[in-house]
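Student: One structure, pasted below without further comment.
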Amino acid sequence: MTLINGQVTPKITLHQGEVLRWRLVNATPFRTLNLKLGTLALNEIAVDGMYLGTVDIWPAGKALTLQPGNRSDVLVQAPANCSNNQCPPINLTNNDNEVIATVEFVAGGNPMPLPTSAEMAPLKTWNNIDTSLVYTSEPAQFQEENCNVQDDMCINGITFNADTVTKLPLNKTQLWNLWTLDKDHVFHIHVNPFQTVRTGPDGGQETVWMDTMLVPKGSTQDKPVQAWTTYENIPGKAVFHCHILPHEDDGMMHAIQIE
C-alpha cells in the first residue's frame, strides 16, 4: 500500500482550469513508483529539487517513474470545462493497478495557463558540464556477493566502514561509472548533484541533473550507467549509497572526502 502524506487514497480537488504544483517524493524504503493521472498529463518542471529549465510533458497513459529517494515537481491542470457535473473523478495510480489518490473536479476557481518552456528556462541554475573535460573517473560496482564481510552488501567489494574513504578532487569534473550484476540498485550521493542522461517523455535522450538514479541489473563495467559532477565550493566528508534502504543498512554505502 502506498500512502500520500500519511493518508490512504486521499481526495484531491481541482477547480476548472486550475493549475496545481505537486512536489512528489518517493519516500518508500524500496519501492519503484510508476505514476499516471488518468486522462491528465503530468507536466514536470524539476527533478530532485533542480529545475529542468523546460516543461517535460508526461502525457496521460505514460508513467512518470520515481526510484526510492527521487523527487519530481509536476504541474497538474484541470480542463477548463470540468466540474463535478461534466467530468468524473480520475485516479492517480501506481503501476496501473494501485489507486493511491482520487482527483475530483469542481466548478469555480481561477483558470490559468501552464508555463512555457521559455518561461521556465531562466529558473535552471545548473550549467551543463562539458563532458570532454573530465579530470578523473570513479568506478562503483554495487554488489550483494563477494563482499569483504560475509552476508553483507557492498560497493567495490567493501562493506561500509567509516574509515574507508575515497578522495575526490575539489573543483574538478569527475565521471562516475556505475554498474551492478545482480539486481537493481539506486545510486544516491550526498551534497553533490550530478548530470546524467535519461529517456524523456518523448522517448528521446535528455540531459538532466539528479542526485538519485537507477543502476539497473545487467549494467556492466563495459556498459555502465554514467554520471558527471563537479565538486564545487563544499569540501569535506560525505557518503554515497544505495537508496534502497535495506541495502544501505546492509552495508551498501561508501564514504568520500572532497579536497
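Each chain in the C-alpha cells gets a letter, A, B and so on, in the order shown; residues start at 1 in every chain, and ligands are counted from 1 in the order they appear.
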If you run DSSP on the backbone here, which positions in range 3-221 of chain A get helix (DSSP H, G or I)? Please write them as JSON, numbers by chain.
Tutor: {"A": [117, 118, 119, 120, 121, 122, 123, 131, 132, 133]}
Student: I'd like the neighbourhood of Glu144 in chain A as a ChimeraX atom specification, where a residue qualifies if any of its atoms comes within 8 Å (using only C-alpha atoms), though same-chain residues fewer than 4 positions away should be ignored.
Tutor: /A:152-154,182
Student: Using C-alpha atoms, can you write the selected residues to a file as a short mmCIF file (atom, residue, chain, number, x, y, z; two decimals), in the first residue's frame?
Tutor:
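For reference, selection-v5.cif as written:
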data_model
loop_
_atom_site.label_atom_id
_atom_site.label_comp_id
_atom_site.auth_asym_id
_atom_site.auth_seq_id
_atom_site.Cartn_x
_atom_site.Cartn_y
_atom_site.Cartn_z
CA ASP A 152 26.59 -8.10 3.90
CA MET A 153 26.23 -5.92 0.80
CA CYS A 154 28.97 -3.71 -0.51
CA ASP A 182 22.77 -8.98 -9.51
#
Student: Within 6 Å of range 69-93 of chain A, which residues of range 30-53 of chain A show up? Give each one with its shortest atom-to-atom distance in Å (one decimal) and the two atoms involved, counting only C-alpha atoms, rows by chain then rising residue number, as a Markdown table.
Tutor:
| residue | atom | partner | partner_atom | distance |
| --- | --- | --- | --- | --- |
| A:Leu35 | CA | A:Thr93 | CA | 5.6 |
| A:Lys36 | CA | A:Thr93 | CA | 5.4 |
| A:Leu37 | CA | A:Leu92 | CA | 4.5 |
| A:Gly38 | CA | A:Ile90 | CA | 5.3 |
| A:Leu42 | CA | A:Val74 | CA | 5.8 |
| A:Asn43 | CA | A:Leu75 | CA | 4.9 |
| A:Glu44 | CA | A:Val74 | CA | 4.2 |
| A:Ile45 | CA | A:Asp73 | CA | 5.7 |
| A:Ala46 | CA | A:Asp73 | CA | 5.0 |
| A:Val47 | CA | A:Ser72 | CA | 4.7 |
| A:Asp48 | CA | A:Arg71 | CA | 4.5 |
Student: So which residues touch Glu18 in chain A within 7 Å, counting only C-alpha atoms, skipping near sequence neighbours fewer than 2 positions away, as number ranges by chain?
Tutor: A: 14-16, 20, 77-78, 109-112
Student: Write the selection just made, keeping C-alpha atoms, as a compact mmCIF listing (two decimals), in the first residue's frame?
Tutor:
# COMPACT_ATOMS: atom_id res chain seq x y z
CA LEU A 14 -9.15 20.66 -8.76
CA HIS A 15 -11.17 23.68 -9.88
CA GLN A 16 -11.94 24.38 -13.52
CA LEU A 20 -1.60 22.84 -9.01
CA GLN A 77 -4.03 21.38 -14.90
CA ALA A 78 -7.76 20.72 -14.76
CA GLY A 109 -11.80 28.95 -9.37
CA ASN A 110 -9.36 30.96 -11.48
CA PRO A 111 -8.32 29.28 -14.75
CA MET A 112 -4.63 29.79 -15.51
Student: Identify, on the basis of only C-alpha atoms, every residue whose closest approach to Met213 in chain A does not exceed 8 Å; exclude the query and any residue fewer than 6 positions from it along the same chain; express the result as a count of residues only.
Tutor: 5
